[in-house]
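Below is run_36.pdb, which holds PDB, C-alpha atoms and all ligand atoms.
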```
ATOM      1  CA  MET A1424     199.886 252.484  -3.413  1.00  0.00           C
ATOM      2  CA  CYS A1425     197.995 249.614  -4.910  1.00  0.00           C
ATOM      3  CA  GLY A1426     195.397 247.108  -3.840  1.00  0.00           C
ATOM      4  CA  ILE A1427     194.560 243.640  -2.577  1.00  0.00           C
ATOM      5  CA  VAL A1428     191.250 241.788  -2.416  1.00  0.00           C
ATOM      6  CA  GLY A1429     190.397 238.322  -1.097  1.00  0.00           C
ATOM      7  CA  TYR A1430     187.334 236.158  -0.553  1.00  0.00           C
ATOM      8  CA  THR A1431     186.595 232.775   1.025  1.00  0.00           C
ATOM      9  CA  GLY A1432     183.025 231.567   1.480  1.00  0.00           C
ATOM     10  CA  HIS A1433     179.901 230.197  -0.196  1.00  0.00           C
ATOM     11  CA  ARG A1434     179.649 232.693  -3.090  1.00  0.00           C
ATOM     12  CA  GLU A1435     181.504 232.725  -6.378  1.00  0.00           C
ATOM     13  CA  ALA A1436     184.836 234.406  -5.581  1.00  0.00           C
ATOM     14  CA  TYR A1437     185.755 235.844  -8.987  1.00  0.00           C
ATOM     15  CA  PRO A1438     182.986 238.486  -9.332  1.00  0.00           C
ATOM     16  CA  ILE A1439     183.676 239.713  -5.782  1.00  0.00           C
ATOM     17  CA  VAL A1440     187.426 239.903  -6.370  1.00  0.00           C
ATOM     18  CA  ILE A1441     187.240 241.611  -9.780  1.00  0.00           C
ATOM     19  CA  THR A1442     184.632 244.147  -8.614  1.00  0.00           C
ATOM     20  CA  GLY A1443     186.730 244.783  -5.516  1.00  0.00           C
ATOM     21  CA  LEU A1444     189.799 245.471  -7.665  1.00  0.00           C
ATOM     22  CA  LYS A1445     187.827 248.042  -9.651  1.00  0.00           C
ATOM     23  CA  ARG A1446     186.899 249.835  -6.427  1.00  0.00           C
ATOM     24  CA  LEU A1447     190.597 250.002  -5.536  1.00  0.00           C
ATOM     25  CA  GLU A1448     191.668 251.416  -8.909  1.00  0.00           C
ATOM     26  CA  TYR A1449     191.801 254.922  -7.420  1.00  0.00           C
ATOM     27  CA  ARG A1450     194.941 253.867  -5.544  1.00  0.00           C
ATOM     28  CA  GLY A1451     196.899 253.709  -8.819  1.00  0.00           C
ATOM     29  CA  TYR A1452     198.436 250.619 -10.500  1.00  0.00           C
ATOM     30  CA  ASP A1453     200.101 249.286 -13.646  1.00  0.00           C
ATOM     31  CA  SER A1454     199.030 245.633 -13.754  1.00  0.00           C
ATOM     32  CA  THR A1455     196.541 243.283 -12.193  1.00  0.00           C
ATOM     33  CA  GLY A1456     195.823 239.624 -11.506  1.00  0.00           C
ATOM     34  CA  VAL A1457     193.714 237.026  -9.717  1.00  0.00           C
ATOM     35  CA  ALA A1458     194.298 233.529  -8.314  1.00  0.00           C
ATOM     36  CA  LEU A1459     191.371 231.161  -7.863  1.00  0.00           C
ATOM     37  CA  LEU A1460     191.436 227.804  -6.116  1.00  0.00           C
ATOM     38  CA  ASN A1461     189.124 225.029  -7.304  1.00  0.00           C
ATOM     39  CA  ASN A1462     190.686 221.613  -7.949  1.00  0.00           C
ATOM     40  CA  GLY A1463     194.050 223.324  -8.232  1.00  0.00           C
ATOM     41  CA  LEU A1464     195.255 226.887  -8.600  1.00  0.00           C
ATOM     42  CA  LYS A1465     194.332 229.056 -11.548  1.00  0.00           C
ATOM     43  CA  VAL A1466     196.338 232.259 -11.933  1.00  0.00           C
ATOM     44  CA  TYR A1467     195.450 234.976 -14.459  1.00  0.00           C
ATOM     45  CA  LYS A1468     197.466 238.203 -14.624  1.00  0.00           C
ATOM     46  CA  LYS A1469     198.182 240.990 -17.026  1.00  0.00           C
ATOM     47  CA  LYS A1470     199.849 244.357 -17.465  1.00  0.00           C
ATOM     48  CA  GLY A1471     197.239 247.098 -17.853  1.00  0.00           C
ATOM     49  CA  ARG A1472     193.783 247.849 -16.470  1.00  0.00           C
ATOM     50  CA  VAL A1473     191.423 245.544 -14.602  1.00  0.00           C
ATOM     51  CA  ALA A1474     189.131 245.731 -17.657  1.00  0.00           C
ATOM     52  CA  ASP A1475     192.001 244.395 -19.855  1.00  0.00           C
ATOM     53  CA  LEU A1476     192.366 241.371 -17.570  1.00  0.00           C
ATOM     54  CA  GLU A1477     188.619 240.751 -17.605  1.00  0.00           C
ATOM     55  CA  GLU A1478     188.620 240.768 -21.386  1.00  0.00           C
ATOM     56  CA  ALA A1479     191.689 238.528 -21.630  1.00  0.00           C
ATOM     57  CA  ILE A1480     190.126 235.791 -19.484  1.00  0.00           C
ATOM     58  CA  ILE A1481     186.682 235.593 -21.061  1.00  0.00           C
ATOM     59  CA  GLY A1482     185.867 231.897 -21.473  1.00  0.00           C
ATOM     60  CA  LYS A1483     188.405 230.680 -18.889  1.00  0.00           C
ATOM     61  CA  ASP A1484     187.391 228.562 -15.904  1.00  0.00           C
ATOM     62  CA  LEU A1485     186.666 231.147 -13.210  1.00  0.00           C
ATOM     63  CA  HIS A1486     184.595 228.979 -10.882  1.00  0.00           C
ATOM     64  CA  ALA A1487     185.864 229.003  -7.276  1.00  0.00           C
ATOM     65  CA  HIS A1488     184.740 229.826  -3.745  1.00  0.00           C
ATOM     66  CA  ILE A1489     188.128 231.211  -2.742  1.00  0.00           C
ATOM     67  CA  GLY A1490     190.214 233.790  -4.557  1.00  0.00           C
ATOM     68  CA  ILE A1491     192.694 236.657  -4.247  1.00  0.00           C
ATOM     69  CA  GLY A1492     193.265 239.657  -6.510  1.00  0.00           C
ATOM     70  CA  HIS A1493     195.911 242.371  -6.864  1.00  0.00           C
ATOM     71  CA  THR A1494     196.598 245.689  -8.488  1.00  0.00           C
ATOM     72  CA  ARG A1495     200.363 246.228  -8.739  1.00  0.00           C
ATOM     73  CA  TRP A1496     202.402 249.395  -8.637  1.00  0.00           C
ATOM     74  CA  ALA A1497     205.774 248.078  -9.737  1.00  0.00           C
ATOM     75  CA  THR A1498     208.725 248.667  -7.440  1.00  0.00           C
ATOM     76  CA  HIS A1499     210.927 245.633  -8.303  1.00  0.00           C
ATOM     77  CA  GLY A1500     210.862 244.802 -11.993  1.00  0.00           C
ATOM     78  CA  GLU A1501     209.112 246.591 -14.844  1.00  0.00           C
ATOM     79  CA  PRO A1502     205.339 246.506 -15.274  1.00  0.00           C
ATOM     80  CA  SER A1503     204.761 243.296 -17.287  1.00  0.00           C
ATOM     81  CA  ASP A1504     202.603 240.152 -17.352  1.00  0.00           C
ATOM     82  CA  ARG A1505     205.530 238.184 -15.887  1.00  0.00           C
ATOM     83  CA  ASN A1506     206.041 240.530 -12.928  1.00  0.00           C
ATOM     84  CA  ALA A1507     202.317 240.963 -12.222  1.00  0.00           C
ATOM     85  CA  HIS A1508     200.863 239.282  -9.144  1.00  0.00           C
ATOM     86  CA  PRO A1509     199.741 236.702  -8.006  1.00  0.00           C
ATOM     87  CA  HIS A1510     203.025 234.812  -8.027  1.00  0.00           C
ATOM     88  CA  GLN A1511     203.188 231.037  -7.715  1.00  0.00           C
ATOM     89  CA  SER A1512     205.754 229.209  -5.594  1.00  0.00           C
ATOM     90  CA  LYS A1513     208.285 226.784  -7.038  1.00  0.00           C
ATOM     91  CA  SER A1514     206.047 223.768  -6.277  1.00  0.00           C
ATOM     92  CA  GLY A1515     203.113 225.557  -7.905  1.00  0.00           C
ATOM     93  CA  LYS A1516     200.991 224.946  -4.810  1.00  0.00           C
ATOM     94  CA  LEU A1517     201.083 228.417  -3.240  1.00  0.00           C
ATOM     95  CA  ALA A1518     199.921 231.707  -4.727  1.00  0.00           C
ATOM     96  CA  MET A1519     200.672 235.077  -3.139  1.00  0.00           C
ATOM     97  CA  ILE A1520     199.913 238.768  -3.646  1.00  0.00           C
ATOM     98  CA  HIS A1521     201.861 241.548  -1.960  1.00  0.00           C
ATOM     99  CA  ASN A1522     201.637 245.286  -1.520  1.00  0.00           C
ATOM    100  CA  GLY A1523     204.853 246.932  -0.377  1.00  0.00           C
ATOM    101  CA  ILE A1524     208.593 246.385  -0.545  1.00  0.00           C
ATOM    102  CA  ILE A1525     210.808 243.666   0.946  1.00  0.00           C
ATOM    103  CA  GLU A1526     213.991 245.627   1.660  1.00  0.00           C
ATOM    104  CA  ASN A1527     216.292 242.652   2.303  1.00  0.00           C
ATOM    105  CA  TYR A1528     215.035 240.537  -0.625  1.00  0.00           C
ATOM    106  CA  ALA A1529     218.448 240.459  -2.354  1.00  0.00           C
ATOM    107  CA  GLN A1530     220.105 238.631   0.557  1.00  0.00           C
ATOM    108  CA  ILE A1531     217.231 236.143   0.827  1.00  0.00           C
ATOM    109  CA  LYS A1532     217.248 235.612  -2.946  1.00  0.00           C
ATOM    110  CA  LYS A1533     220.975 234.826  -2.840  1.00  0.00           C
ATOM    111  CA  GLU A1534     220.377 232.140  -0.202  1.00  0.00           C
ATOM    112  CA  LEU A1535     217.524 230.622  -2.225  1.00  0.00           C
ATOM    113  CA  VAL A1536     219.558 230.630  -5.448  1.00  0.00           C
ATOM    114  CA  ASN A1537     222.344 228.818  -3.567  1.00  0.00           C
ATOM    115  CA  ASN A1538     219.729 226.223  -2.570  1.00  0.00           C
ATOM    116  CA  GLY A1539     218.777 225.684  -6.223  1.00  0.00           C
ATOM    117  CA  TYR A1540     215.834 228.068  -6.636  1.00  0.00           C
ATOM    118  CA  THR A1541     215.228 229.829  -9.925  1.00  0.00           C
ATOM    119  CA  PHE A1542     212.870 232.765 -10.405  1.00  0.00           C
ATOM    120  CA  THR A1543     210.375 233.612 -13.108  1.00  0.00           C
ATOM    121  CA  SER A1544     209.975 237.317 -12.199  1.00  0.00           C
ATOM    122  CA  ASP A1545     212.140 240.215 -11.004  1.00  0.00           C
ATOM    123  CA  THR A1546     209.987 240.898  -7.959  1.00  0.00           C
ATOM    124  CA  ASP A1547     210.795 240.952  -4.263  1.00  0.00           C
ATOM    125  CA  THR A1548     207.407 239.238  -3.849  1.00  0.00           C
ATOM    126  CA  GLU A1549     208.428 236.003  -5.577  1.00  0.00           C
ATOM    127  CA  VAL A1550     211.498 235.906  -3.312  1.00  0.00           C
ATOM    128  CA  LEU A1551     209.370 236.175  -0.156  1.00  0.00           C
ATOM    129  CA  LEU A1552     206.941 233.548  -1.470  1.00  0.00           C
ATOM    130  CA  ASN A1553     209.644 230.978  -2.187  1.00  0.00           C
ATOM    131  CA  PHE A1554     211.328 231.798   1.122  1.00  0.00           C
ATOM    132  CA  ILE A1555     208.032 230.907   2.827  1.00  0.00           C
ATOM    133  CA  GLU A1556     207.749 227.673   0.825  1.00  0.00           C
ATOM    134  CA  ASP A1557     211.370 226.759   1.563  1.00  0.00           C
ATOM    135  CA  ILE A1558     210.742 227.176   5.302  1.00  0.00           C
ATOM    136  CA  LYS A1559     207.494 225.158   5.071  1.00  0.00           C
ATOM    137  CA  GLU A1560     209.244 222.259   3.343  1.00  0.00           C
ATOM    138  CA  ASN A1561     212.445 222.277   5.413  1.00  0.00           C
ATOM    139  CA  ASN A1562     210.725 222.672   8.789  1.00  0.00           C
ATOM    140  CA  GLU A1563     207.798 220.415   7.809  1.00  0.00           C
ATOM    141  CA  CYS A1564     205.464 223.003   9.312  1.00  0.00           C
ATOM    142  CA  ASN A1565     202.144 224.393   8.146  1.00  0.00           C
ATOM    143  CA  LEU A1566     201.872 227.519   6.002  1.00  0.00           C
ATOM    144  CA  GLU A1567     200.855 229.735   8.902  1.00  0.00           C
ATOM    145  CA  GLU A1568     203.999 228.827  10.835  1.00  0.00           C
ATOM    146  CA  ALA A1569     206.211 229.239   7.754  1.00  0.00           C
ATOM    147  CA  VAL A1570     204.791 232.740   7.172  1.00  0.00           C
ATOM    148  CA  ARG A1571     205.547 233.703  10.780  1.00  0.00           C
ATOM    149  CA  VAL A1572     209.130 232.429  10.578  1.00  0.00           C
ATOM    150  CA  ALA A1573     209.707 234.196   7.240  1.00  0.00           C
ATOM    151  CA  LEU A1574     208.246 237.517   8.362  1.00  0.00           C
ATOM    152  CA  LYS A1575     210.545 237.621  11.384  1.00  0.00           C
ATOM    153  CA  ARG A1576     213.490 237.739   8.919  1.00  0.00           C
ATOM    154  CA  VAL A1577     211.960 240.301   6.599  1.00  0.00           C
ATOM    155  CA  THR A1578     212.514 244.057   6.702  1.00  0.00           C
ATOM    156  CA  GLY A1579     210.285 246.431   4.777  1.00  0.00           C
ATOM    157  CA  ALA A1580     206.561 246.858   4.299  1.00  0.00           C
ATOM    158  CA  TYR A1581     203.963 244.356   3.288  1.00  0.00           C
ATOM    159  CA  CYS A1582     200.413 243.278   3.116  1.00  0.00           C
ATOM    160  CA  ILE A1583     200.389 239.697   1.830  1.00  0.00           C
ATOM    161  CA  LEU A1584     197.628 237.202   1.065  1.00  0.00           C
ATOM    162  CA  LEU A1585     198.423 233.537   0.385  1.00  0.00           C
ATOM    163  CA  ILE A1586     196.368 230.583  -0.743  1.00  0.00           C
ATOM    164  CA  ASP A1587     197.519 226.961  -0.693  1.00  0.00           C
ATOM    165  CA  GLU A1588     196.305 224.030  -2.811  1.00  0.00           C
ATOM    166  CA  ASP A1589     196.736 221.770   0.226  1.00  0.00           C
ATOM    167  CA  ASP A1590     194.354 223.889   2.369  1.00  0.00           C
ATOM    168  CA  PRO A1591     191.739 225.003  -0.156  1.00  0.00           C
ATOM    169  CA  GLU A1592     189.419 227.043   2.097  1.00  0.00           C
ATOM    170  CA  THR A1593     191.983 229.189   3.907  1.00  0.00           C
ATOM    171  CA  ILE A1594     193.589 232.546   3.164  1.00  0.00           C
ATOM    172  CA  ILE A1595     196.645 233.459   5.250  1.00  0.00           C
ATOM    173  CA  ALA A1596     197.135 237.232   5.479  1.00  0.00           C
ATOM    174  CA  ALA A1597     199.668 239.448   7.226  1.00  0.00           C
ATOM    175  CA  ARG A1598     200.591 243.091   7.275  1.00  0.00           C
ATOM    176  CA  LYS A1599     203.180 245.622   8.282  1.00  0.00           C
ATOM    177  CA  GLY A1600     202.894 249.181   7.029  1.00  0.00           C
ATOM    178  CA  SER A1601     200.309 248.390   4.332  1.00  0.00           C
ATOM    179  CA  PRO A1602     196.585 248.389   5.157  1.00  0.00           C
ATOM    180  CA  LEU A1603     194.410 245.264   5.591  1.00  0.00           C
ATOM    181  CA  VAL A1604     190.690 245.137   6.413  1.00  0.00           C
ATOM    182  CA  ILE A1605     188.697 241.933   6.914  1.00  0.00           C
ATOM    183  CA  GLY A1606     184.926 241.859   6.472  1.00  0.00           C
ATOM    184  CA  VAL A1607     183.005 239.272   8.476  1.00  0.00           C
ATOM    185  CA  GLY A1608     179.908 237.667   6.929  1.00  0.00           C
ATOM    186  CA  LYS A1609     177.863 234.516   7.607  1.00  0.00           C
ATOM    187  CA  GLY A1610     180.022 231.638   6.425  1.00  0.00           C
ATOM    188  CA  GLU A1611     182.251 234.002   4.481  1.00  0.00           C
ATOM    189  CA  HIS A1612     185.067 236.512   4.874  1.00  0.00           C
ATOM    190  CA  PHE A1613     186.254 239.354   2.668  1.00  0.00           C
ATOM    191  CA  LEU A1614     189.699 240.963   2.612  1.00  0.00           C
ATOM    192  CA  GLY A1615     190.713 244.315   1.180  1.00  0.00           C
ATOM    193  CA  SER A1616     193.151 247.202   1.283  1.00  0.00           C
ATOM    194  CA  ASP A1617     190.149 249.191   2.417  1.00  0.00           C
ATOM    195  CA  ALA A1618     186.513 248.330   3.123  1.00  0.00           C
ATOM    196  CA  SER A1619     185.187 249.271  -0.341  1.00  0.00           C
ATOM    197  CA  PRO A1620     185.290 245.714  -1.842  1.00  0.00           C
ATOM    198  CA  MET A1621     183.048 244.349   0.962  1.00  0.00           C
ATOM    199  CA  LEU A1622     180.624 247.151   1.813  1.00  0.00           C
ATOM    200  CA  GLU A1623     177.587 245.694   0.055  1.00  0.00           C
ATOM    201  CA  TYR A1624     178.031 242.350   1.848  1.00  0.00           C
ATOM    202  CA  THR A1625     178.811 243.262   5.452  1.00  0.00           C
ATOM    203  CA  LYS A1626     179.223 246.217   7.775  1.00  0.00           C
ATOM    204  CA  GLU A1627     181.255 244.176  10.260  1.00  0.00           C
ATOM    205  CA  VAL A1628     184.925 244.828   9.610  1.00  0.00           C
ATOM    206  CA  VAL A1629     188.115 244.116  11.523  1.00  0.00           C
ATOM    207  CA  TYR A1630     191.258 246.188  11.011  1.00  0.00           C
ATOM    208  CA  VAL A1631     194.444 244.133  11.133  1.00  0.00           C
ATOM    209  CA  ASN A1632     197.433 245.818  12.797  1.00  0.00           C
ATOM    210  CA  ASP A1633     201.128 245.717  11.965  1.00  0.00           C
ATOM    211  CA  TYR A1634     202.898 242.439  12.788  1.00  0.00           C
ATOM    212  CA  GLU A1635     199.611 240.541  12.894  1.00  0.00           C
ATOM    213  CA  LEU A1636     198.674 237.462  10.928  1.00  0.00           C
ATOM    214  CA  ALA A1637     195.123 236.427  10.011  1.00  0.00           C
ATOM    215  CA  ILE A1638     194.013 232.854   9.353  1.00  0.00           C
ATOM    216  CA  VAL A1639     190.817 233.308   7.382  1.00  0.00           C
ATOM    217  CA  LYS A1640     188.357 230.472   6.650  1.00  0.00           C
ATOM    218  CA  PRO A1641     184.681 230.734   5.643  1.00  0.00           C
ATOM    219  CA  ASP A1642     183.481 230.162   9.236  1.00  0.00           C
ATOM    220  CA  GLU A1643     186.472 231.273  11.250  1.00  0.00           C
ATOM    221  CA  LEU A1644     188.791 234.264  11.597  1.00  0.00           C
ATOM    222  CA  ILE A1645     191.831 233.930  13.841  1.00  0.00           C
ATOM    223  CA  LEU A1646     194.250 236.800  14.459  1.00  0.00           C
ATOM    224  CA  LYS A1647     197.705 236.073  15.862  1.00  0.00           C
ATOM    225  CA  ASN A1648     200.905 237.963  16.458  1.00  0.00           C
ATOM    226  CA  LEU A1649     204.184 236.752  15.008  1.00  0.00           C
ATOM    227  CA  GLY A1650     204.840 234.973  18.323  1.00  0.00           C
ATOM    228  CA  ASN A1651     201.834 232.643  17.612  1.00  0.00           C
ATOM    229  CA  GLU A1652     199.704 234.188  20.376  1.00  0.00           C
ATOM    230  CA  LYS A1653     196.019 234.678  19.610  1.00  0.00           C
ATOM    231  CA  ILE A1654     194.727 238.254  19.539  1.00  0.00           C
ATOM    232  CA  HIS A1655     191.152 238.912  20.605  1.00  0.00           C
ATOM    233  CA  ARG A1656     189.679 241.891  18.817  1.00  0.00           C
ATOM    234  CA  LEU A1657     186.007 242.686  19.218  1.00  0.00           C
ATOM    235  CA  LEU A1658     184.023 243.623  16.165  1.00  0.00           C
ATOM    236  CA  PRO A1659     182.892 247.243  16.336  1.00  0.00           C
ATOM    237  CA  SER A1660     179.189 247.282  17.283  1.00  0.00           C
TER     238      SER A1660
HETATM  239  N1  LIG B   1     207.217 245.157  -4.592  1.00  0.00           N
HETATM  240  C1  LIG B   1     206.216 244.414  -5.282  1.00  0.00           C
HETATM  241  C2  LIG B   1     206.465 244.413  -6.781  1.00  0.00           C
HETATM  242  O1  LIG B   1     207.202 245.199  -7.282  1.00  0.00           O
HETATM  243  C3  LIG B   1     204.811 244.875  -4.959  1.00  0.00           C
HETATM  244  C4  LIG B   1     204.524 246.272  -5.463  1.00  0.00           C
HETATM  245  C5  LIG B   1     203.132 246.733  -5.031  1.00  0.00           C
HETATM  246  O2  LIG B   1     203.007 247.189  -3.872  1.00  0.00           O
HETATM  247  O3  LIG B   1     202.219 246.626  -5.859  1.00  0.00           O
HETATM  248  O4  LIG B   1     205.922 243.610  -7.474  1.00  0.00           O
END
```

For this file, produce the structure as structure tokens.
Amino acid sequence: MCGIVGYTGHREAYPIVITGLKRLEYRGYDSTGVALLNNGLKVYKKKGRVADLEEAIIGKDLHAHIGIGHTRWATHGEPSDRNAHPHQSKSGKLAMIHNGIIENYAQIKKELVNNGYTFTSDTDTEVLLNFIEDIKENNECNLEEAVRVALKRVTGAYCILLIDEDDPETIIAARKGSPLVIGVGKGEHFLGSDASPMLEYTKEVVYVNDYELAIVKPDELILKNLGNEKIHRLLPS
């Protein structure tokens, strides 16, 4: 098991994401990384502990109001900087983190390679990410729709978070078999593998179920199933 954290809102994202990753260290991991979106994507990732990443990126531009972070437990490809998450899509516009295993990644990878894709990591995650981007470009649809189409073809387990340079306030999240909690604040939302990254900010949390997708903006949280139907889930009082 390993961890995911996300934030979109009015605060600085990096301190929330990095502190959240430290709270998830108990789940075990071999590498870690963050993606921040502010006038373009910035991705920092490294084999080793969260503290090693923090040290490696001292002095870098970490300013952003939206960000995602990951602790990886390698299943596809050795623990390395290259295989660490977040991964970036071929266009460079999308960044994604993933907990879990995409069982049919080899077949999808073959199709993408035939369409001219090359890969910079050995992970199943980079395959799913470029599959999503390929669908988005070929179907001329938005990211949310491309994620739904891709996930209908995927077997395995996942919790994924994606950010997109073309939609710089939104995190798209989805899960099957890997946990995902969303914390609701005023003009902000928090995402985590459990509630520990968000507890000091909000007590209002929503648990996302298998085969659900979340469209998360600072002021709005929409849950849908993979059939594009909205799901209405009340916050626990
Ligand atoms: N299967 C992915 C990888 O090997 C994600 C592993 C994880 O759950 O951290 O990179």

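All residues, whether protein, DNA or RNA, that have an atom at most 6 Å from ligand LIG 1 (chain B) (counting all atoms listed in the file) are Cys1425, Arg1495, Trp1496, Ala1497, Thr1498, His1499, Gly1500, His1521, Asn1522, Gly1523, Ile1524, Thr1546, Asp1547 and Thr1548 of chain A.
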
>> Taking (204.3, 247.3, 8.8) as a centre in this file's frame and 8 Å as the limit, can you find every polymer residue with an atom that close, using only C-alpha atoms, and give them as a PyMOL selection string?
In response: chain A and resi 1579-1582+1598-1601+1633-1634

Could you turn the residues from that selection into a file that holds C-alpha atoms, as a short mmCIF file (atom, residue, chain, number, x, y, z; two decimals), in the coordinates of the input?
```
data_model
loop_
_atom_site.label_atom_id
_atom_site.label_comp_id
_atom_site.auth_asym_id
_atom_site.auth_seq_id
_atom_site.Cartn_x
_atom_site.Cartn_y
_atom_site.Cartn_z
CA GLY A 1579 210.28 246.43 4.78
CA ALA A 1580 206.56 246.86 4.30
CA TYR A 1581 203.96 244.36 3.29
CA CYS A 1582 200.41 243.28 3.12
CA ARG A 1598 200.59 243.09 7.28
CA LYS A 1599 203.18 245.62 8.28
CA GLY A 1600 202.89 249.18 7.03
CA SER A 1601 200.31 248.39 4.33
CA ASP A 1633 201.13 245.72 11.96
CA TYR A 1634 202.90 242.44 12.79
#
```

> How would you write, as a count of residues only, the residues chosen by the PyMOL selection byres (((chain A and resi 1535) around 12) and not hetatm) on this structure?
Replying inline: 25

> Do you know which residues the PyMOL selection byres (((chain A and resi 1589) around 12) and not hetatm) returns on this file, as a VMD selection string?
Replying inline: chain A and resid 1460 to 1464 1514 to 1518 1565 to 1566 1585 to 1588 1590 to 1594

>> Please determine, counting all atoms listed in the file, which residue among A:Glu1568, A:Glu1623, A:Glu1448, A:Glu1501 has the shortest atom-to-atom distance to Asn1651 (chain A).
In response: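 For Asn1651 (chain A), the nearest of the candidates is A:Glu1568.
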
>> Taking all atoms listed in the file into account, name the residue in A:Val1428, A:Val1604, A:Val1572, A:Ile1480 that is nearest to Lys1465 (chain A).
In response: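 Using all atoms listed in the file, the shortest distance to Lys1465 (chain A) belongs to A:Ile1480.
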
> What is the CA of Val1473 (chain A)-CA of Val1570 (chain A) distance in Å, reported with one decimal?
Replying inline: 28.6 Å

Sorted per-residue table, region 1439-1501 of chain A near region 1639-1647 of chain A, closest atoms and distance, 12 Å, only C-alpha atoms, as CSV:
```
residue,atom,partner,partner_atom,distance
A:His1488,CA,A:Pro1641,CA,9.4
A:Ile1489,CA,A:Pro1641,CA,9.1
A:Gly1490,CA,A:Lys1640,CA,11.8
```

>> One decimal, in Å: what's the spacing between CA of Tyr1452 (chain A) and CA of Lys1483 (chain A)?
In response: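 About the pair CA of Tyr1452 (chain A) and CA of Lys1483 (chain A): they are 23.8 Å apart.
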
> Hey, what comes out of the PyMOL selection byres (((chain A and resi 1605) around 7) and not hetatm) on this file? Could you write it as JSON, numbers by chain?
Replying inline: {"A": [1603, 1604, 1606, 1607, 1612, 1613, 1614, 1615, 1628, 1629, 1630]}

Given the selection you just returned, output its residues as a file containing C-alpha atoms, formatted as a PDB file, in the frame of the given file.
```pdb
ATOM      1  CA  LEU A1603     194.410 245.264   5.591  1.00  0.00           C
ATOM      2  CA  VAL A1604     190.690 245.137   6.413  1.00  0.00           C
ATOM      3  CA  GLY A1606     184.926 241.859   6.472  1.00  0.00           C
ATOM      4  CA  VAL A1607     183.005 239.272   8.476  1.00  0.00           C
ATOM      5  CA  HIS A1612     185.067 236.512   4.874  1.00  0.00           C
ATOM      6  CA  PHE A1613     186.254 239.354   2.668  1.00  0.00           C
ATOM      7  CA  LEU A1614     189.699 240.963   2.612  1.00  0.00           C
ATOM      8  CA  GLY A1615     190.713 244.315   1.180  1.00  0.00           C
ATOM      9  CA  VAL A1628     184.925 244.828   9.610  1.00  0.00           C
ATOM     10  CA  VAL A1629     188.115 244.116  11.523  1.00  0.00           C
ATOM     11  CA  TYR A1630     191.258 246.188  11.011  1.00  0.00           C
TER      12      TYR A1630
END
```
